[in-house]
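Colleague: Just start-v2.cif, nothing more (mmCIF, C-alpha atoms and all ligand atoms):
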```cif
data_query
loop_
_atom_site.label_atom_id
_atom_site.label_comp_id
_atom_site.auth_asym_id
_atom_site.auth_seq_id
_atom_site.Cartn_x
_atom_site.Cartn_y
_atom_site.Cartn_z
CA MET A 249 136.14 350.53 315.73
CA GLN A 250 133.16 350.70 318.04
CA LEU A 251 133.67 352.68 321.26
CA ARG A 252 131.86 351.84 324.49
CA ARG A 253 131.62 353.36 327.93
CA LEU A 254 133.45 351.45 330.59
CA GLY A 255 130.46 350.49 332.71
CA SER A 256 128.62 353.58 333.88
CA SER A 257 131.82 355.64 334.06
CA GLY A 258 132.71 358.44 331.66
CA LEU A 259 135.73 356.51 330.34
CA THR A 260 135.32 355.37 326.75
CA VAL A 261 137.19 352.34 325.41
CA SER A 262 137.39 350.49 322.09
CA VAL A 263 135.27 347.31 322.05
CA VAL A 264 138.47 345.40 321.20
CA GLY A 265 141.47 346.18 323.37
CA LEU A 266 145.05 344.98 323.28
CA GLY A 267 146.12 342.69 326.11
CA CYS A 268 149.80 343.34 326.72
CA ASN A 269 150.99 340.30 328.65
CA ASN A 270 152.92 339.11 325.58
CA LEU A 271 155.15 342.19 325.56
CA GLY A 272 158.57 341.09 326.78
CA ARG A 273 157.39 337.45 327.04
CA PRO A 274 160.21 334.98 326.28
CA GLY A 275 159.76 332.89 323.16
CA THR A 276 157.41 335.33 321.41
CA ALA A 277 157.93 337.82 318.59
CA THR A 278 156.91 340.50 321.08
CA GLU A 279 159.74 339.65 323.45
CA SER A 280 161.81 342.37 321.76
CA GLN A 281 161.09 346.08 321.59
CA ALA A 282 160.89 345.87 317.79
CA GLY A 283 158.25 343.11 317.97
CA THR A 284 156.34 345.09 320.59
CA ASP A 285 156.46 348.27 318.50
CA ALA A 286 154.99 346.41 315.51
CA VAL A 287 152.04 345.00 317.48
CA VAL A 288 151.31 348.23 319.39
CA HIS A 289 151.43 350.35 316.22
CA ALA A 290 149.19 347.88 314.39
CA ALA A 291 146.72 348.24 317.25
CA LEU A 292 146.83 352.04 317.06
CA ASP A 293 146.34 351.89 313.28
CA ALA A 294 143.33 349.58 313.75
CA GLY A 295 141.64 352.06 316.09
CA ILE A 296 142.28 350.17 319.32
CA THR A 297 142.35 352.62 322.21
CA LEU A 298 142.50 350.33 325.28
CA PHE A 299 145.90 348.91 326.19
CA ASP A 300 145.86 346.58 329.19
CA VAL A 301 149.09 345.71 330.95
CA ALA A 302 150.18 344.88 334.53
CA ASP A 303 153.27 345.55 336.61
CA THR A 304 154.03 341.81 336.89
CA TYR A 305 153.95 341.01 333.17
CA GLY A 306 157.13 340.21 331.24
CA ALA A 307 160.20 338.01 331.51
CA GLU A 308 161.04 339.98 334.62
CA PRO A 309 158.41 342.02 336.51
CA GLY A 310 157.89 345.41 334.88
CA LEU A 311 159.22 344.52 331.44
CA SER A 312 155.81 344.59 329.68
CA GLU A 313 155.12 348.07 331.09
CA THR A 314 158.54 349.30 329.95
CA ARG A 315 158.03 347.88 326.45
CA LEU A 316 154.51 349.31 326.17
CA GLY A 317 155.52 352.78 327.38
CA ALA A 318 158.37 352.92 324.86
CA ALA A 319 156.16 351.68 322.01
CA LEU A 320 153.40 354.21 322.69
CA GLY A 321 155.83 357.12 322.89
CA ALA A 322 154.19 360.26 321.56
CA HIS A 323 150.88 358.39 321.16
CA ARG A 324 150.44 358.10 324.93
CA ASP A 325 147.63 360.65 325.12
CA GLU A 326 145.65 359.00 322.30
CA VAL A 327 145.00 355.86 324.32
CA VAL A 328 143.45 354.56 327.51
CA LEU A 329 146.38 353.16 329.42
CA ALA A 330 145.36 350.48 331.91
CA THR A 331 147.75 348.73 334.27
CA LYS A 332 147.50 346.70 337.46
CA PHE A 333 149.13 346.28 340.85
CA GLY A 334 148.75 343.66 343.55
CA MET A 335 150.38 340.49 342.19
CA ASP A 336 153.76 339.33 343.47
CA MET A 337 156.54 341.49 341.97
CA ARG A 338 159.22 339.10 343.30
CA GLY A 339 160.92 341.88 345.26
CA ALA A 340 160.98 344.47 342.47
CA ASN A 341 158.92 346.85 344.63
CA GLY A 342 160.85 346.01 347.80
CA PRO A 343 159.40 343.94 350.63
CA ASP A 344 155.59 343.90 350.50
CA PHE A 345 154.87 341.58 353.47
CA GLY A 346 152.12 340.00 351.40
CA ALA A 347 149.89 343.08 351.84
CA ARG A 348 149.79 344.39 348.31
CA GLY A 349 146.52 346.30 348.80
CA SER A 350 148.02 348.35 351.63
CA ARG A 351 148.53 352.11 351.50
CA ARG A 352 152.25 351.57 352.02
CA TYR A 353 152.57 349.21 349.08
CA ILE A 354 150.31 351.07 346.64
CA ALA A 355 152.31 354.30 347.10
CA THR A 356 155.44 352.45 345.93
CA ALA A 357 153.79 350.40 343.19
CA VAL A 358 152.17 353.34 341.42
CA GLU A 359 155.41 355.31 341.22
CA ALA A 360 157.22 352.31 339.75
CA SER A 361 154.50 351.78 337.11
CA LEU A 362 154.46 355.47 336.15
CA ARG A 363 158.24 355.40 335.74
CA ARG A 364 158.24 352.28 333.58
CA LEU A 365 155.33 353.46 331.44
CA GLY A 366 156.99 356.86 330.97
CA THR A 367 153.85 358.79 331.84
CA ASP A 368 152.58 361.05 334.62
CA HIS A 369 149.18 359.36 334.91
CA ILE A 370 147.46 355.99 334.52
CA ASP A 371 143.98 356.03 333.00
CA LEU A 372 142.75 352.83 334.66
CA TYR A 373 144.59 351.46 337.69
CA GLN A 374 143.40 347.96 338.53
CA PHE A 375 143.75 345.98 341.75
CA HIS A 376 144.93 342.71 340.19
CA THR A 377 143.89 340.15 342.79
CA PRO A 378 142.36 340.27 346.28
CA ASP A 379 144.70 340.94 349.21
CA PRO A 380 143.58 338.78 352.15
CA LEU A 381 145.50 340.94 354.65
CA THR A 382 144.36 344.50 353.93
CA PRO A 383 140.80 345.73 354.51
CA ILE A 384 139.24 347.02 351.27
CA ASP A 385 138.56 350.33 353.09
CA GLU A 386 142.29 351.04 353.26
CA THR A 387 142.87 350.08 349.62
CA LEU A 388 140.01 352.30 348.45
CA ASP A 389 141.28 355.25 350.50
CA ALA A 390 144.79 354.87 349.07
CA LEU A 391 143.40 354.66 345.52
CA ASP A 392 141.12 357.63 346.12
CA ASP A 393 144.20 359.69 347.06
CA LEU A 394 145.82 358.70 343.76
CA VAL A 395 142.72 359.81 341.84
CA ARG A 396 142.64 363.13 343.70
CA SER A 397 146.35 363.70 343.03
CA GLY A 398 145.82 363.11 339.30
CA LYS A 399 148.22 360.16 339.09
CA VAL A 400 145.29 357.86 338.35
CA ARG A 401 142.06 358.70 336.49
CA TYR A 402 139.86 355.66 337.21
CA ILE A 403 140.19 352.53 339.29
CA GLY A 404 139.18 348.95 338.51
CA HIS A 405 139.65 345.48 339.96
CA SER A 406 140.19 341.92 338.81
CA ASN A 407 139.66 338.31 339.89
CA ARG A 408 136.94 339.17 342.41
CA ALA A 409 134.09 337.01 343.63
CA GLY A 410 130.58 338.48 343.44
CA TRP A 411 130.53 339.28 347.17
CA GLN A 412 133.86 341.10 346.93
CA ILE A 413 132.52 343.25 344.09
CA ALA A 414 129.47 344.15 346.19
CA GLU A 415 131.57 344.77 349.31
CA ALA A 416 133.93 347.15 347.48
CA GLU A 417 131.00 349.02 345.96
CA PHE A 418 129.26 349.63 349.27
CA VAL A 419 132.45 350.56 351.12
CA ALA A 420 133.21 353.11 348.39
CA ARG A 421 129.68 354.50 348.58
CA ALA A 422 129.89 354.80 352.37
CA ARG A 423 133.24 356.60 352.22
CA GLY A 424 132.25 358.83 349.33
CA GLY A 425 135.51 358.39 347.40
CA ALA A 426 136.52 356.81 344.11
CA ARG A 427 134.72 353.58 343.22
CA PHE A 428 135.83 350.75 341.00
CA VAL A 429 134.46 351.17 337.48
CA SER A 430 135.64 347.89 335.91
CA SER A 431 136.13 344.23 336.67
CA GLN A 432 138.49 341.84 334.86
CA SER A 433 137.65 338.17 334.90
CA HIS A 434 138.60 334.96 333.14
CA TYR A 435 135.73 334.60 330.66
CA ASN A 436 135.35 332.95 327.28
CA LEU A 437 133.19 330.34 325.54
CA LEU A 438 135.16 327.54 327.20
CA ASP A 439 135.08 329.04 330.69
CA ARG A 440 131.74 330.59 331.62
CA ARG A 441 132.07 330.65 335.41
CA ALA A 442 131.98 334.47 335.43
CA GLU A 443 128.32 334.27 334.45
CA LEU A 444 127.35 332.91 337.87
CA GLU A 445 128.34 335.88 340.07
CA VAL A 446 130.71 338.33 338.40
CA LEU A 447 128.61 339.45 335.44
CA PRO A 448 125.42 339.92 337.48
CA ALA A 449 127.33 341.86 340.15
CA ALA A 450 129.06 344.03 337.56
CA GLN A 451 125.78 344.71 335.84
CA ALA A 452 124.03 345.59 339.10
CA TYR A 453 126.71 348.13 340.10
CA GLY A 454 127.53 349.59 336.70
CA LEU A 455 131.00 348.10 336.31
CA GLY A 456 132.39 347.43 332.86
CA VAL A 457 133.58 343.84 332.44
CA LEU A 458 136.90 343.22 330.67
CA PRO A 459 137.03 339.47 329.93
CA TYR A 460 140.54 338.09 329.90
CA PHE A 461 141.72 334.97 328.04
CA PRO A 462 138.99 335.71 325.44
CA LEU A 463 140.56 333.20 323.05
CA ALA A 464 141.45 330.65 325.75
CA ASN A 465 145.16 331.05 324.96
CA GLY A 466 144.36 330.69 321.26
CA LEU A 467 142.26 327.48 321.45
CA LEU A 468 139.20 329.40 320.21
CA THR A 469 140.93 330.71 317.06
CA GLY A 470 140.63 327.38 315.23
CA LYS A 471 144.38 327.03 314.85
CA TYR A 472 144.57 324.14 317.33
CA SER A 473 141.42 322.31 316.25
CA ASP A 474 143.33 319.45 314.56
CA GLY A 475 145.08 318.80 317.89
CA LEU A 476 148.45 320.19 316.79
CA ALA A 477 150.12 323.42 317.86
CA PRO A 478 151.39 325.57 314.95
CA GLU A 479 155.06 326.51 315.07
CA GLY A 480 155.71 329.38 317.48
CA SER A 481 152.20 329.47 318.93
CA ARG A 482 151.67 329.92 322.69
CA LEU A 483 150.70 326.33 323.42
CA THR A 484 154.01 325.09 322.00
CA HIS A 485 155.97 326.84 324.75
CA SER A 486 153.55 327.29 327.64
CA ARG A 487 150.39 325.71 329.08
CA GLN A 488 150.82 322.70 326.76
CA GLN A 489 148.41 320.66 328.88
CA MET A 490 145.58 322.90 327.61
CA LEU A 491 145.95 321.37 324.18
CA ARG A 492 146.29 317.85 325.59
CA ASP A 493 143.06 318.36 327.57
CA ALA A 494 141.15 320.16 324.82
CA ASP A 495 137.89 318.68 323.55
CA LEU A 496 138.64 318.72 319.83
CA ASP A 497 135.05 317.79 318.89
CA GLN A 498 133.92 320.92 320.69
CA LEU A 499 136.49 323.08 318.88
CA ARG A 500 135.50 321.56 315.54
CA ALA A 501 131.82 322.22 316.34
CA LEU A 502 132.76 325.87 316.83
CA GLY A 503 134.41 325.80 313.41
CA ASP A 504 131.26 324.34 311.81
CA PHE A 505 129.07 326.90 313.60
CA ALA A 506 131.28 329.74 312.31
CA ARG A 507 131.46 328.48 308.71
CA GLN A 508 127.68 328.03 308.52
CA ARG A 509 127.45 331.79 309.13
CA ASP A 510 130.40 332.74 306.94
CA LEU A 511 132.38 333.72 310.00
CA THR A 512 135.69 332.64 311.54
CA GLU A 513 136.06 331.07 314.98
CA LEU A 514 137.80 334.28 316.00
CA GLN A 515 134.78 336.39 315.04
CA VAL A 516 132.43 334.12 316.96
CA ALA A 517 134.64 334.12 320.09
CA PHE A 518 135.07 337.91 320.12
CA SER A 519 131.55 338.87 319.07
CA TRP A 520 129.87 336.50 321.51
CA LEU A 521 131.85 338.05 324.37
CA ALA A 522 131.17 341.59 323.17
CA SER A 523 127.45 340.80 323.17
CA ARG A 524 127.35 339.59 326.78
CA PRO A 525 125.80 341.84 329.42
CA ALA A 526 128.18 344.34 331.06
CA VAL A 527 131.12 343.54 328.76
CA SER A 528 132.82 346.78 327.67
CA SER A 529 135.93 345.63 325.85
CA VAL A 530 137.46 342.30 324.82
CA ILE A 531 141.20 342.36 325.51
CA ALA A 532 143.19 339.72 323.65
CA GLY A 533 146.92 339.51 323.52
CA ALA A 534 148.65 339.23 320.16
CA THR A 535 152.14 338.36 319.00
CA ARG A 536 151.85 339.43 315.36
CA THR A 537 150.44 342.41 313.50
CA GLU A 538 148.08 340.20 311.43
CA GLN A 539 146.53 338.94 314.66
CA VAL A 540 145.85 342.47 315.89
CA GLN A 541 144.28 343.41 312.57
CA ALA A 542 142.04 340.34 312.59
CA ASN A 543 141.08 340.84 316.24
CA ALA A 544 140.22 344.50 315.71
CA GLU A 545 137.62 343.45 313.15
CA ALA A 546 136.29 340.43 315.01
CA ALA A 547 133.63 341.94 317.28
CA GLY A 548 131.14 343.09 314.65
CA TRP A 549 128.81 340.08 314.46
CA VAL A 550 125.65 340.24 316.58
CA PRO A 551 124.41 336.77 317.63
CA THR A 552 120.65 336.17 317.52
CA PRO A 553 118.90 334.34 320.38
CA ASP A 554 118.97 331.20 318.18
CA ASP A 555 122.72 331.61 317.65
CA GLU A 556 123.19 331.99 321.41
CA ALA A 557 121.13 328.87 322.08
CA GLU A 558 123.22 326.89 319.58
CA LEU A 559 126.44 328.12 321.20
CA ASP A 560 125.00 327.11 324.59
CA GLU A 561 124.67 323.57 323.19
CA ILE A 562 128.34 323.51 322.14
CA PHE A 563 129.67 325.39 325.19
CA PRO A 564 127.19 324.73 328.02
CA PRO A 565 126.90 327.42 330.71
CA VAL A 566 127.93 326.41 334.24
CA PRO A 567 124.77 325.13 335.96
CA LYS A 568 123.45 327.43 338.66
CA VAL A 569 123.55 325.54 341.94
CA ALA A 570 120.27 325.59 343.83
CA LEU A 571 121.10 327.10 347.22
CA PHE A 572 117.64 326.85 348.81
N1 LIG A 601 143.50 340.13 335.27
C1 LIG A 601 144.15 339.01 335.14
O1 LIG A 601 144.41 338.27 336.11
C2 LIG A 601 144.62 338.61 333.76
C3 LIG A 601 145.08 337.30 333.53
C4 LIG A 601 145.49 336.99 332.23
C5 LIG A 601 145.43 337.93 331.23
N2 LIG A 601 144.99 339.21 331.51
C6 LIG A 601 144.90 340.25 330.46
O2 LIG A 601 144.09 339.76 329.43
C7 LIG A 601 144.79 339.85 328.19
C8 LIG A 601 144.33 338.74 327.31
O3 LIG A 601 144.88 337.50 327.75
P1 LIG A 601 145.64 336.63 326.72
O4 LIG A 601 146.49 337.51 325.90
O5 LIG A 601 146.30 335.53 327.46
O6 LIG A 601 144.42 336.17 325.82
P2 LIG A 601 143.96 334.91 325.02
O7 LIG A 601 142.85 335.40 324.21
O8 LIG A 601 143.66 333.77 325.91
O9 LIG A 601 145.20 334.45 324.13
C9 LIG A 601 145.86 335.35 323.32
C10 LIG A 601 146.79 334.55 322.43
O10 LIG A 601 146.05 333.94 321.37
C11 LIG A 601 146.79 334.03 320.18
N3 LIG A 601 146.07 334.89 319.24
C12 LIG A 601 145.60 336.15 319.46
N4 LIG A 601 144.97 336.63 318.37
C13 LIG A 601 145.04 335.66 317.45
C14 LIG A 601 144.59 335.56 316.11
N5 LIG A 601 143.93 336.55 315.52
N6 LIG A 601 144.84 334.42 315.44
C15 LIG A 601 145.50 333.39 316.00
N7 LIG A 601 145.97 333.43 317.27
C16 LIG A 601 145.74 334.55 317.99
C17 LIG A 601 148.14 334.64 320.51
O11 LIG A 601 149.05 333.62 320.90
P3 LIG A 601 150.23 333.01 319.99
O12 LIG A 601 150.43 333.88 318.79
O13 LIG A 601 151.41 332.99 320.87
O14 LIG A 601 149.74 331.65 319.67
C18 LIG A 601 147.82 335.43 321.77
O15 LIG A 601 148.92 335.64 322.58
C19 LIG A 601 146.27 339.80 328.59
O16 LIG A 601 147.12 340.30 327.62
C20 LIG A 601 146.24 340.62 329.84
O17 LIG A 601 146.26 341.99 329.50
C21 LIG A 601 144.56 339.53 332.74
#
```
What would the structure in this file look like if it were written as structure tokens?
Ligand SMILES: NC(=O)c1ccc[n+]([C@@H]2O[C@H](COP(=O)([O-])OP(=O)(O)OC[C@H]3O[C@@H](n4cnc5c(N)ncnc54)[C@H](OP(=O)(O)O)[C@@H]3O)[C@@H](O)[C@H]2O)c1
Modeller:
Amino acid sequence: MQLRRLGSSGLTVSVVGLGCNNLGRPGTATESQAGTDAVVHAALDAGITLFDVADTYGAEPGLSETRLGAALGAHRDEVVLATKFGMDMRGANGPDFGARGSRRYIATAVEASLRRLGTDHIDLYQFHTPDPLTPIDETLDALDDLVRSGKVRYIGHSNRAGWQIAEAEFVARARGGARFVSSQSHYNLLDRRAELEVLPAAQAYGLGVLPYFPLANGLLTGKYSDGLAPEGSRLTHSRQQMLRDADLDQLRALGDFARQRDLTELQVAFSWLASRPAVSSVIAGATRTEQVQANAEAAGWVPTPDDEAELDEIFPPVPKVALF
């Protein structure tokens, strides 16, 4: 397993991480603790060190964190444990008044995550989504206190526009405290909007990008390319419209592209992301041990410029709008 620095920080992560939003998810094999244990231990065995969860994930808020903490057990200190705060916890953290980047809220949220994860520190604490009510200055100060207290090692953010990434960077520089070292964004071959603002901003400020939905809910694995959802797969029980709306010719073209190079669709999807500027780790969720094993080995192909150009034909980048 290749290790990479998370942006320009000193934190090192495996190039393939485990996304943990399936842990405790109804209708999956990882809904149970036994199913979670199997997937988490397969990830550890495959050399995966980055485990990405959030306080909201699970059938009820907090369940994914509880499952992950229990599964890691004595392995806690062998991994980089990343979680998030800032999405609606549906009352589980008490009233938040919609200001989930506030000092008041963060103090409560971090204690709840530490308790559920069964640890005394979080390696990467990510601000899940922008809070329109709280100035970023206050959020950064509250997070800096957590870093100084040792409850949190590094901070990151998610779902930010380019200007919000730049704003947070310069506020942190001006205040002299902890700065965000990572940025999570929706990014895969089928959705390349992050290339317009997020990737350039992350690259400019030394943030490591963690693309989420790397497999587009599984569409990029090839298993849906005949237009049918295999028994038990995610698109049989959620987001079914994704399969109805999918461009099957495009998915089949990905299959042809992969086979011409003796690769799988999975390898192309992972490796292409891992080769993009600023990307540190590709975090895919998994519901079975075989998936984790395949994913752990899927980021080793290095696309040539010709390969990239061919993929651009199949999955066109979002056109840059001329502003002037
Ligand atoms: N920051 C944010 O706002 C945000 C938002 C969403 C997600 N995330 C993070 O990003 C992570 C990744 O998102 P995601 O899990 O939804 O990713 P995804 O890549 O879009 O989909 C993962 C799904 O694809 C299927 N799959 C995975 N590996 C496979 C394989 N080798 N062969 C066949 N199918 C495979 C599995 O579904 P089935 O087995 O059920 O078919 C798995 O649950 C999450 O776990 C979470 O940590 C962050």
Colleague: For a quick check of understanding, using all atoms listed in the file, which of A:Glu386, A:Asp371, A:Asp497, A:Glu415 has the smallest distance to Leu259 in chain A?
Modeller: A:Asp371
Colleague: So that I can check the surroundings of Ser406 in chain A, please list as a PyMOL selection string every protein, DNA and RNA residue that reaches within 10 Å of it, counting all atoms listed in the file and ignoring chain neighbours fewer than 4 positions away.
Modeller: chain A and resi 332+334+374-378+413+430-434+457-460
Colleague: Using the file's own x, y and z axes, what box holds all listed atoms of range 561-570 of chain A with 8 Å on each side, keeping edges along x, y and z, and what are its centre and edge lengths in Å to one decimal, as lines of an AutoDock Vina configuration file?
Modeller:
```
center_x = 125.0
center_y = 325.5
center_z = 333.0
size_x = 25.4
size_y = 19.9
size_z = 37.7
```
Colleague: Extract, using all atoms listed in the file, all DNA, RNA and protein residues at most 8 Å from range 335-344 of chain A, discarding same-chain residues fewer than 4 positions from it, and format them as JSON, numbers by chain.
Modeller: {"A": [303, 304, 309, 348, 353, 356, 357, 360, 376, 377]}
Colleague: Report as a ChimeraX atom specification all protein, DNA and RNA residues lying within 8 Å of Ile384 in chain A, evaluated on only C-alpha atoms, omitting residues in the same chain fewer than 5 positions from it.
Modeller: /A:349,416,419
Colleague: Work out how far apart CA of Ala319 in chain A and CA of Ala282 in chain A are and give it in Å to one decimal.
Modeller: 8.6 Å
Colleague: Considering only C-alpha atoms and all ligand atoms, can you say which of A:Phe418, A:Phe461, A:Tyr453, A:Phe505 comes closest to ligand LIG 601 (chain A)?
Modeller: A:Phe461
Colleague: Please determine, counting only C-alpha atoms and all ligand atoms, which residue among A:Ala347, A:Ile403, A:Cys268, A:Ala494 has the shortest atom-to-atom distance to ligand LIG 601 (chain A).
Modeller: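 Using only C-alpha atoms and all ligand atoms, the shortest distance to ligand LIG 601 (chain A) belongs to A:Cys268.
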Colleague: Find the residues near Lys399 in chain A: any atom within 10 Å, counting all atoms listed in the file, skip ones fewer than 5 places away on the same chain, and give them as a PyMOL selection string.
Modeller: chain A and resi 358-359+362+367-371+373+391+393-394
Colleague: Model the absent atoms of range 362-375 of chain A so that N, CA and C atoms are present, and write the result as a short mmCIF file (atom, residue, chain, number, x, y, z; two decimals), keeping the file's coordinate frame.
Modeller:
```cif
data_model
loop_
_atom_site.label_atom_id
_atom_site.label_comp_id
_atom_site.auth_asym_id
_atom_site.auth_seq_id
_atom_site.Cartn_x
_atom_site.Cartn_y
_atom_site.Cartn_z
N LEU A 362 154.39 354.20 336.90
CA LEU A 362 154.46 355.47 336.15
C LEU A 362 155.85 355.63 335.50
N ARG A 363 156.87 355.27 336.25
CA ARG A 363 158.24 355.40 335.74
C ARG A 363 158.44 354.48 334.53
N ARG A 364 158.02 353.23 334.68
CA ARG A 364 158.24 352.28 333.58
C ARG A 364 157.41 352.63 332.35
N LEU A 365 156.21 353.12 332.57
CA LEU A 365 155.33 353.46 331.44
C LEU A 365 155.72 354.79 330.81
N GLY A 366 156.54 355.57 331.51
CA GLY A 366 156.99 356.86 330.97
C GLY A 366 155.86 357.86 330.86
N THR A 367 155.00 357.89 331.88
CA THR A 367 153.85 358.79 331.84
C THR A 367 153.66 359.41 333.23
N ASP A 368 152.85 360.46 333.30
CA ASP A 368 152.58 361.05 334.62
C ASP A 368 151.21 360.65 335.16
N HIS A 369 150.46 359.84 334.38
CA HIS A 369 149.18 359.36 334.91
C HIS A 369 148.79 358.03 334.25
N ILE A 370 148.00 357.28 335.00
CA ILE A 370 147.46 355.99 334.52
C ILE A 370 145.96 356.19 334.36
N ASP A 371 145.41 355.79 333.22
CA ASP A 371 143.98 356.03 333.00
C ASP A 371 143.10 355.08 333.82
N LEU A 372 143.53 353.82 333.89
CA LEU A 372 142.75 352.83 334.66
C LEU A 372 143.74 352.00 335.48
N TYR A 373 143.65 352.16 336.81
CA TYR A 373 144.59 351.46 337.69
C TYR A 373 143.82 350.35 338.40
N GLN A 374 144.21 349.09 338.09
CA GLN A 374 143.40 347.96 338.53
C GLN A 374 144.09 347.15 339.63
N PHE A 375 143.30 346.80 340.61
CA PHE A 375 143.75 345.98 341.75
C PHE A 375 143.66 344.53 341.26
#
```
